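Asker: Input structure: protein-v5.cif, which contains mmCIF, C-alpha atoms and all ligand atoms.
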data_input
loop_
_atom_site.label_atom_id
_atom_site.label_comp_id
_atom_site.auth_asym_id
_atom_site.auth_seq_id
_atom_site.Cartn_x
_atom_site.Cartn_y
_atom_site.Cartn_z
CA MET A 20 105.30 88.03 112.00
CA ASN A 21 104.46 90.04 115.12
CA LEU A 22 103.47 93.68 114.56
CA LYS A 23 101.49 94.01 117.82
CA GLY A 24 101.61 97.43 119.42
CA ARG A 25 103.26 99.08 116.40
CA SER A 26 102.06 102.38 114.98
CA PHE A 27 101.73 102.83 111.22
CA LEU A 28 102.94 106.35 110.45
CA THR A 29 104.92 105.92 107.23
CA LEU A 30 106.10 102.94 105.17
CA LYS A 31 109.67 103.95 106.09
CA ASP A 32 109.08 102.18 109.42
CA TYR A 33 108.10 98.86 107.80
CA SER A 34 110.36 96.33 106.08
CA LYS A 35 109.62 94.68 102.75
CA GLU A 36 108.69 91.47 104.60
CA GLU A 37 106.34 93.32 106.96
CA ILE A 38 104.61 95.05 104.05
CA GLU A 39 104.27 91.68 102.29
CA TYR A 40 102.78 90.24 105.48
CA LEU A 41 100.16 93.04 105.64
CA LEU A 42 99.28 92.50 101.95
CA ASP A 43 98.88 88.74 102.48
CA LEU A 44 96.73 89.33 105.56
CA ALA A 45 94.57 91.81 103.60
CA LYS A 46 94.11 89.27 100.78
CA ASN A 47 93.07 86.68 103.32
CA LEU A 48 90.64 89.04 105.09
CA LYS A 49 89.18 90.02 101.71
CA GLU A 50 88.56 86.39 100.73
CA LYS A 51 86.92 85.74 104.12
CA LYS A 52 84.66 88.80 103.87
CA LYS A 53 83.55 87.76 100.37
CA LYS A 54 82.44 84.43 101.89
CA GLY A 55 80.60 86.27 104.65
CA ILE A 56 83.14 85.27 107.31
CA LEU A 57 84.01 88.10 109.69
CA GLY A 58 86.45 88.05 112.59
CA ASN A 59 86.42 89.20 116.18
CA SER A 60 90.06 90.03 116.74
CA LEU A 61 89.13 93.61 117.76
CA ARG A 62 86.43 92.53 120.22
CA GLY A 63 86.47 94.84 123.23
CA LYS A 64 88.71 97.35 121.45
CA ASN A 65 87.74 101.01 121.08
CA ILE A 66 89.24 102.97 118.23
CA ALA A 67 89.35 106.77 117.87
CA LEU A 68 89.10 108.13 114.33
CA ILE A 69 90.37 111.71 114.29
CA PHE A 70 89.63 113.52 111.02
CA GLU A 71 90.81 117.13 110.59
CA LYS A 72 90.25 116.79 106.82
CA PRO A 73 87.29 115.17 105.04
CA SER A 74 87.35 111.55 103.89
CA THR A 75 85.12 109.01 102.20
CA ARG A 76 87.28 105.91 101.69
CA THR A 77 89.60 106.11 104.68
CA ARG A 78 86.89 106.92 107.21
CA CYS A 79 84.56 104.20 105.92
CA SER A 80 87.39 101.64 105.76
CA PHE A 81 88.46 102.23 109.36
CA THR A 82 84.84 102.23 110.54
CA ILE A 83 83.69 99.10 108.71
CA GLY A 84 87.03 97.32 109.14
CA CYS A 85 86.83 97.84 112.89
CA ILE A 86 83.18 96.75 113.17
CA ASP A 87 83.81 93.68 110.96
CA GLU A 88 86.37 92.55 113.56
CA GLY A 89 84.10 93.21 116.53
CA GLY A 90 85.56 96.57 117.63
CA HIS A 91 83.95 99.96 118.30
CA PRO A 92 85.01 102.99 116.20
CA GLU A 93 84.40 106.57 117.39
CA TYR A 94 84.56 109.36 114.78
CA LEU A 95 86.02 112.65 116.05
CA SER A 96 86.05 115.56 113.60
CA ARG A 97 88.00 118.78 114.12
CA ASP A 98 84.78 120.38 115.38
CA ASP A 99 84.28 117.66 117.99
CA ILE A 100 87.57 117.79 119.88
CA GLN A 101 90.10 120.38 121.01
CA LEU A 102 93.12 118.82 119.32
CA GLY A 103 95.73 121.50 118.85
CA HIS A 104 93.24 124.35 119.42
CA LYS A 105 92.28 124.57 123.09
CA GLU A 106 94.28 121.52 124.14
CA SER A 107 97.76 120.50 123.07
CA ILE A 108 98.20 117.43 120.90
CA GLU A 109 100.35 115.91 123.64
CA ASP A 110 97.53 116.22 126.20
CA THR A 111 94.85 115.00 123.80
CA ALA A 112 97.07 112.02 123.01
CA ARG A 113 97.49 111.17 126.69
CA VAL A 114 93.73 111.38 127.29
CA LEU A 115 92.74 109.35 124.24
CA GLY A 116 95.45 106.81 125.01
CA ARG A 117 93.79 106.15 128.38
CA MET A 118 90.37 105.64 126.76
CA PHE A 119 91.05 104.05 123.39
CA ASP A 120 93.06 101.04 122.24
CA GLY A 121 94.08 102.56 118.89
CA ILE A 122 93.95 105.96 117.18
CA GLN A 123 93.62 106.87 113.51
CA TYR A 124 94.67 110.40 112.56
CA ARG A 125 94.02 112.31 109.32
CA GLY A 126 95.22 115.88 109.26
CA TYR A 127 97.83 118.38 108.26
CA ALA A 128 101.36 118.41 109.74
CA HIS A 129 102.98 114.99 109.88
CA GLU A 130 104.47 115.87 113.26
CA ASN A 131 100.94 115.80 114.73
CA VAL A 132 100.59 112.10 114.04
CA GLU A 133 104.11 111.53 115.38
CA LYS A 134 103.16 113.33 118.60
CA LEU A 135 99.98 111.27 118.94
CA ALA A 136 102.04 108.09 118.62
CA LYS A 137 104.67 109.30 121.05
CA TYR A 138 102.30 110.40 123.82
CA SER A 139 99.29 108.05 123.57
CA ASN A 140 101.05 104.73 124.20
CA VAL A 141 98.63 102.95 121.84
CA PRO A 142 99.04 102.11 118.12
CA VAL A 143 98.46 105.20 115.94
CA TRP A 144 97.61 104.82 112.25
CA ASN A 145 98.24 107.59 109.74
CA GLY A 146 95.11 108.07 107.62
CA LEU A 147 96.83 110.87 105.61
CA THR A 148 98.98 113.83 106.53
CA ASP A 149 100.35 116.57 104.28
CA SER A 150 103.47 114.40 103.83
CA TYR A 151 102.38 110.75 103.66
CA HIS A 152 99.42 108.46 102.96
CA PRO A 153 100.73 104.99 103.79
CA THR A 154 97.46 103.04 104.09
CA GLN A 155 96.62 104.12 100.52
CA ILE A 156 99.73 102.46 99.18
CA LEU A 157 98.83 99.10 100.74
CA ALA A 158 95.55 99.17 98.76
CA ASP A 159 97.44 100.17 95.61
CA PHE A 160 99.88 97.29 95.99
CA LEU A 161 97.13 94.76 96.74
CA THR A 162 95.39 95.89 93.55
CA MET A 163 98.61 95.58 91.53
CA LYS A 164 99.16 92.07 92.91
CA GLU A 165 95.61 91.16 91.89
CA GLN A 166 96.22 92.49 88.38
CA PHE A 167 99.75 91.21 87.73
CA GLY A 168 100.28 88.46 90.33
CA LYS A 169 103.45 90.18 91.58
CA LEU A 170 104.99 93.53 92.47
CA GLU A 171 108.68 93.02 91.87
CA GLY A 172 109.90 94.21 88.50
CA LEU A 173 106.70 96.09 87.56
CA LYS A 174 107.12 99.58 86.12
CA LEU A 175 104.93 102.16 87.87
CA VAL A 176 104.82 105.72 86.54
CA TYR A 177 103.32 108.31 88.87
CA VAL A 178 102.18 111.31 86.82
CA GLY A 179 101.35 114.71 88.34
CA ASP A 180 102.15 116.39 91.66
CA GLY A 181 105.26 114.41 92.52
CA ARG A 182 105.71 115.78 96.04
CA ASN A 183 102.30 115.22 97.59
CA ASN A 184 101.44 112.69 100.28
CA VAL A 185 100.45 109.91 97.87
CA ALA A 186 103.50 110.46 95.64
CA ASN A 187 105.88 110.41 98.63
CA SER A 188 104.39 107.20 100.03
CA LEU A 189 104.36 105.50 96.61
CA LEU A 190 108.04 106.32 96.18
CA ILE A 191 108.86 104.83 99.58
CA GLY A 192 106.69 101.75 99.09
CA SER A 193 107.82 101.03 95.54
CA SER A 194 111.51 101.38 96.32
CA LYS A 195 111.07 98.98 99.26
CA MET A 196 109.10 96.38 97.30
CA GLY A 197 111.27 96.23 94.17
CA ILE A 198 108.83 98.10 91.93
CA ASN A 199 110.58 100.28 89.33
CA ILE A 200 109.14 103.74 89.91
CA THR A 201 109.21 106.81 87.71
CA MET A 202 108.06 110.13 89.14
CA LEU A 203 106.89 112.16 86.15
CA SER A 204 106.29 115.78 87.15
CA PRO A 205 107.36 119.31 86.31
CA LYS A 206 110.65 120.08 88.11
CA SER A 207 108.98 122.39 90.63
CA LEU A 208 106.89 119.44 91.88
CA TRP A 209 109.59 116.81 92.19
CA PRO A 210 109.90 114.94 95.50
CA SER A 211 112.45 116.34 97.94
CA GLU A 212 116.11 115.42 97.42
CA GLU A 213 116.19 114.07 100.96
CA LEU A 214 113.32 111.65 100.36
CA VAL A 215 114.75 110.54 97.01
CA GLU A 216 118.11 109.80 98.66
CA THR A 217 116.39 107.75 101.40
CA CYS A 218 114.46 105.81 98.77
CA ARG A 219 117.59 105.22 96.67
CA GLY A 220 118.89 103.39 99.75
CA TYR A 221 115.79 101.16 99.85
CA ALA A 222 116.07 100.63 96.09
CA ARG A 223 119.65 99.40 96.39
CA ASP A 224 118.39 96.63 98.69
CA SER A 225 115.29 95.70 96.68
CA GLY A 226 116.73 96.09 93.16
CA SER A 227 114.16 98.73 92.24
CA GLU A 228 114.99 101.52 89.78
CA ILE A 229 114.00 105.13 90.59
CA ILE A 230 113.66 107.72 87.83
CA ILE A 231 112.69 111.34 88.51
CA THR A 232 111.88 113.17 85.28
CA ASP A 233 109.77 115.82 83.57
CA ASP A 234 109.86 114.00 80.20
CA ILE A 235 106.45 112.57 79.20
CA GLU A 236 108.16 109.91 77.06
CA ALA A 237 109.15 108.24 80.36
CA VAL A 238 105.73 106.52 80.43
CA LYS A 239 107.08 104.08 77.82
CA GLY A 240 106.83 100.51 79.08
CA ALA A 241 104.66 101.39 82.09
CA ASP A 242 102.62 98.57 83.60
CA VAL A 243 100.84 101.07 85.85
CA ILE A 244 100.09 104.75 85.33
CA TYR A 245 99.12 106.34 88.64
CA THR A 246 97.78 109.83 89.18
CA ASP A 247 96.26 111.94 91.97
CA VAL A 248 94.65 115.37 92.25
CA TRP A 249 96.72 118.41 91.30
CA CYS A 250 95.72 120.26 94.48
CA SER A 251 95.67 118.27 97.69
CA MET A 252 93.39 119.13 100.58
CA GLY A 253 94.56 122.44 102.03
CA GLU A 254 96.13 123.62 98.73
CA GLU A 255 92.96 124.86 97.05
CA ALA A 256 94.37 128.42 96.70
CA LEU A 257 97.10 127.08 94.40
CA ALA A 258 94.63 125.68 91.84
CA ALA A 259 95.20 128.16 89.00
CA ASP A 260 98.97 127.79 89.07
CA ARG A 261 98.82 124.00 89.38
CA ILE A 262 96.47 123.65 86.42
CA LYS A 263 98.87 125.74 84.34
CA ILE A 264 102.00 123.76 85.15
CA LEU A 265 100.39 120.31 85.26
CA LYS A 266 98.24 120.48 82.12
CA PRO A 267 100.91 118.71 79.99
CA TYR A 268 100.88 115.88 82.56
CA GLN A 269 97.20 114.98 82.22
CA VAL A 270 96.52 111.23 81.91
CA ASN A 271 94.72 111.17 78.57
CA ASP A 272 94.59 108.94 75.47
CA GLU A 273 97.71 110.51 74.01
CA LEU A 274 99.74 109.83 77.15
CA MET A 275 98.35 106.28 77.42
CA ALA A 276 99.38 105.55 73.82
CA LYS A 277 102.97 106.48 74.70
CA THR A 278 103.26 103.49 77.08
CA GLY A 279 103.45 101.25 74.00
CA LYS A 280 101.92 98.44 76.08
CA ALA A 281 98.48 96.90 75.66
CA HIS A 282 98.09 95.80 79.26
CA THR A 283 98.93 99.07 81.07
CA ILE A 284 96.46 99.83 83.85
CA VAL A 285 95.57 103.18 85.43
CA LEU A 286 95.28 103.67 89.18
CA HIS A 287 93.92 106.68 91.05
CA CYS A 288 93.65 106.96 94.85
CA LEU A 289 90.45 109.05 94.47
CA PRO A 290 88.73 111.44 94.73
CA ALA A 291 89.39 112.33 91.07
CA VAL A 292 88.98 115.67 89.34
CA LYS A 293 88.12 114.48 85.84
CA GLY A 294 89.24 116.95 83.21
CA ASN A 295 92.30 117.88 85.29
CA GLU A 296 94.68 115.03 86.17
CA ILE A 297 92.74 112.44 84.15
CA THR A 298 90.22 112.63 81.32
CA TYR A 299 86.70 111.31 81.76
CA GLU A 300 87.33 108.72 79.01
CA VAL A 301 90.51 107.26 80.48
CA PHE A 302 88.96 107.22 83.97
CA GLU A 303 85.90 105.32 82.78
CA ARG A 304 87.98 102.88 80.74
CA PHE A 305 89.88 101.89 83.89
CA SER A 306 87.04 102.40 86.37
CA ASN A 307 86.82 98.69 87.27
CA VAL A 308 90.38 98.53 88.50
CA ILE A 309 90.17 102.01 90.09
CA PHE A 310 87.13 100.94 92.13
CA ASP A 311 88.83 97.63 93.03
CA GLN A 312 91.61 99.85 94.37
CA ALA A 313 89.05 101.87 96.37
CA GLU A 314 87.48 98.69 97.78
CA ASN A 315 90.91 97.40 98.72
CA ARG A 316 91.27 100.27 101.19
CA ILE A 317 88.95 98.42 103.55
CA HIS A 318 90.77 95.09 103.41
CA THR A 319 94.23 96.63 103.81
CA ILE A 320 93.20 99.04 106.59
CA LYS A 321 91.54 96.14 108.39
CA ALA A 322 94.79 94.20 108.04
CA VAL A 323 96.76 97.04 109.63
CA MET A 324 94.37 97.19 112.61
CA VAL A 325 94.25 93.40 113.04
CA ALA A 326 98.04 93.06 112.77
CA THR A 327 98.91 95.85 115.17
CA LEU A 328 96.03 95.61 117.65
CA GLY A 329 94.07 92.39 117.10
CA ASN A 330 93.92 89.41 119.43
CA THR A 331 95.45 86.69 117.30
CA GLU A 332 93.56 83.93 119.13
CA ASN A 333 90.24 85.61 118.26
CA SER A 334 91.21 86.25 114.64
CA GLN A 335 89.64 84.39 111.76
CA SER A 336 92.68 85.04 109.59
N1 LIG B 1 91.95 107.88 98.84
C1 LIG B 1 91.49 108.40 99.99
O1 LIG B 1 92.17 108.52 100.99
O2 LIG B 1 90.20 108.78 99.94
P1 LIG B 1 89.41 109.61 101.06
O3 LIG B 1 90.03 110.99 101.09
O4 LIG B 1 87.98 109.62 100.61
O5 LIG B 1 89.60 108.92 102.38
N1 LIG B 2 96.79 114.07 97.65
C1 LIG B 2 95.38 114.00 98.01
C2 LIG B 2 95.03 112.60 98.38
C3 LIG B 2 93.58 112.38 98.74
C4 LIG B 2 93.30 110.99 99.18
C5 LIG B 2 95.09 114.97 99.14
O1 LIG B 2 95.88 115.05 100.08
O2 LIG B 2 94.07 115.64 99.08
#
Give the structure from the file, written as structure tokens.
Answerer:
Amino acid sequence: MNLKGRSFLTLKDYSKEEIEYLLDLAKNLKEKKKKGILGNSLRGKNIALIFEKPSTRTRCSFTIGCIDEGGHPEYLSRDDIQLGHKESIEDTARVLGRMFDGIQYRGYAHENVEKLAKYSNVPVWNGLTDSYHPTQILADFLTMKEQFGKLEGLKLVYVGDGRNNVANSLLIGSSKMGINITMLSPKSLWPSEELVETCRGYARDSGSEIIITDDIEAVKGADVIYTDVWCSMGEEALAADRIKILKPYQVNDELMAKTGKAHTIVLHCLPAVKGNEITYEVFERFSNVIFDQAENRIHTIKAVMVATLGNTENSQS
């Protein structure tokens, strides 16, 4: 599989086989790191990490993943560069593309990351926009594979804000990989019709089932319950309204009992607001798998960089 030179903006751009390849590479890189074996496939490569929003997991994963493979990461916050303020995104992209070998972008409008990819001429990786969070979903799927040994045929129920970046990317990824996905949200927070239609197309190919519902009973039979914050970064002003409409969708003991399954796991992309989207008790009960999921960000993000930018002959994988 050759993904060299490709950007990673949304999972829409990647086939089921390419996603499987990235997950296998991540598993391999994880096993190597656990044995203390690091690679050098990014030796001589400089990587720009643009963060217009804060980050713990994504920033650290790109930084450590890059250094583990012999590359040099450079963190650029919104206070450090002119991106979109004093200098257009197109010009910043052309400058950074001359200096760096790859660019990670976390920010607001998805079109910003598209412009960076279009004008920089180097691979651009989406570390979260208002619309999508594709690297997160690779870590989620690696964790599910570790837990269940497969993805196809699992039932994943996403509970909460069904139209945020994580929800959108989970819907895309699940429908591509043959995971049966239920989006459980109040109607006002359902994913867009356009995205659902696109994903129904992927689901026809993969055999996945997509259900969009506001009925809590839909958690029945879930292998995975997944939730995320009720207010994403940039939406803080909406908190009061969100808490009101999402309260019935909290992941708590009562909701977990409705799955009717003993082996259901809970995933959360983190950071979590305990007491809102998930109770303290449920979070702690599933904290091992949730922190596996957080750790898996590094292995999957490393896989994306190695696959799209790495020198295969230098790679340990
Ligand atoms: N899940 C995730 O992207 O975490 P950070 O915001 O800390 O990067
Ligand atoms: N939906 C959340 C995800 C954080 C990783 C946000 O955008 O803030």
Asker: Grab me every residue within 9 Å of ligand LIG 1 (chain B), counting all atoms listed in the file, and send it over as a list of chain:residue names.
Answerer: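 With all atoms listed in the file and a cut-off of 9 Å, ligand LIG 1 (chain B) is contacted by A:Lys72, A:Pro73, A:Ser74, A:Thr75, A:Arg76, A:Thr77, A:Arg78, A:Cys79, A:Ser80, A:Arg125, A:Gly146, A:Leu147, A:His152, A:Thr154, A:Gln155, A:Val185, A:Met252, A:His287, A:Cys288, A:Leu289, A:Pro290, A:Ala313, A:Arg316.
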Asker: Which residue out of A:Glu88, A:Asp98, A:Glu236, A:Asp43 has the minimum interatomic distance to Glu71 in chain A when all atoms listed in the file are used?
Answerer: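 Under the stated criterion, the closest residue is A:Asp98.
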Asker: Which of these residues is nearest to ligand LIG 2 (chain B), using all atoms listed in the file: A:Ala276, A:Leu328, A:Leu44, A:Ala186?
Answerer: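 The shortest atom-to-atom distance to ligand LIG 2 (chain B) comes from A:Ala186.
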Asker: When you draw a straight line from CA of Leu61 in chain A to CA of Ala136 in chain A, how long is it in Å?
Answerer: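 About the pair CA of Leu61 in chain A and CA of Ala136 in chain A: they are 19.4 Å apart.
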Asker: Rank nothing, just name the residue among A:Asn131, A:Ser193, A:Thr319, A:Ser204 nearest to Ala222 in chain A, using all atoms listed in the file.
Answerer: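 Nearest candidate to Ala222 in chain A out of A:Asn131, A:Ser193, A:Thr319, A:Ser204: A:Ser193.
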Asker: Distance CA of Phe70 in chain A-CA of Leu115 in chain A, one decimal place?
Answerer: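 Straight-line distance from CA of Phe70 in chain A to CA of Leu115 in chain A works out to 14.2 Å.
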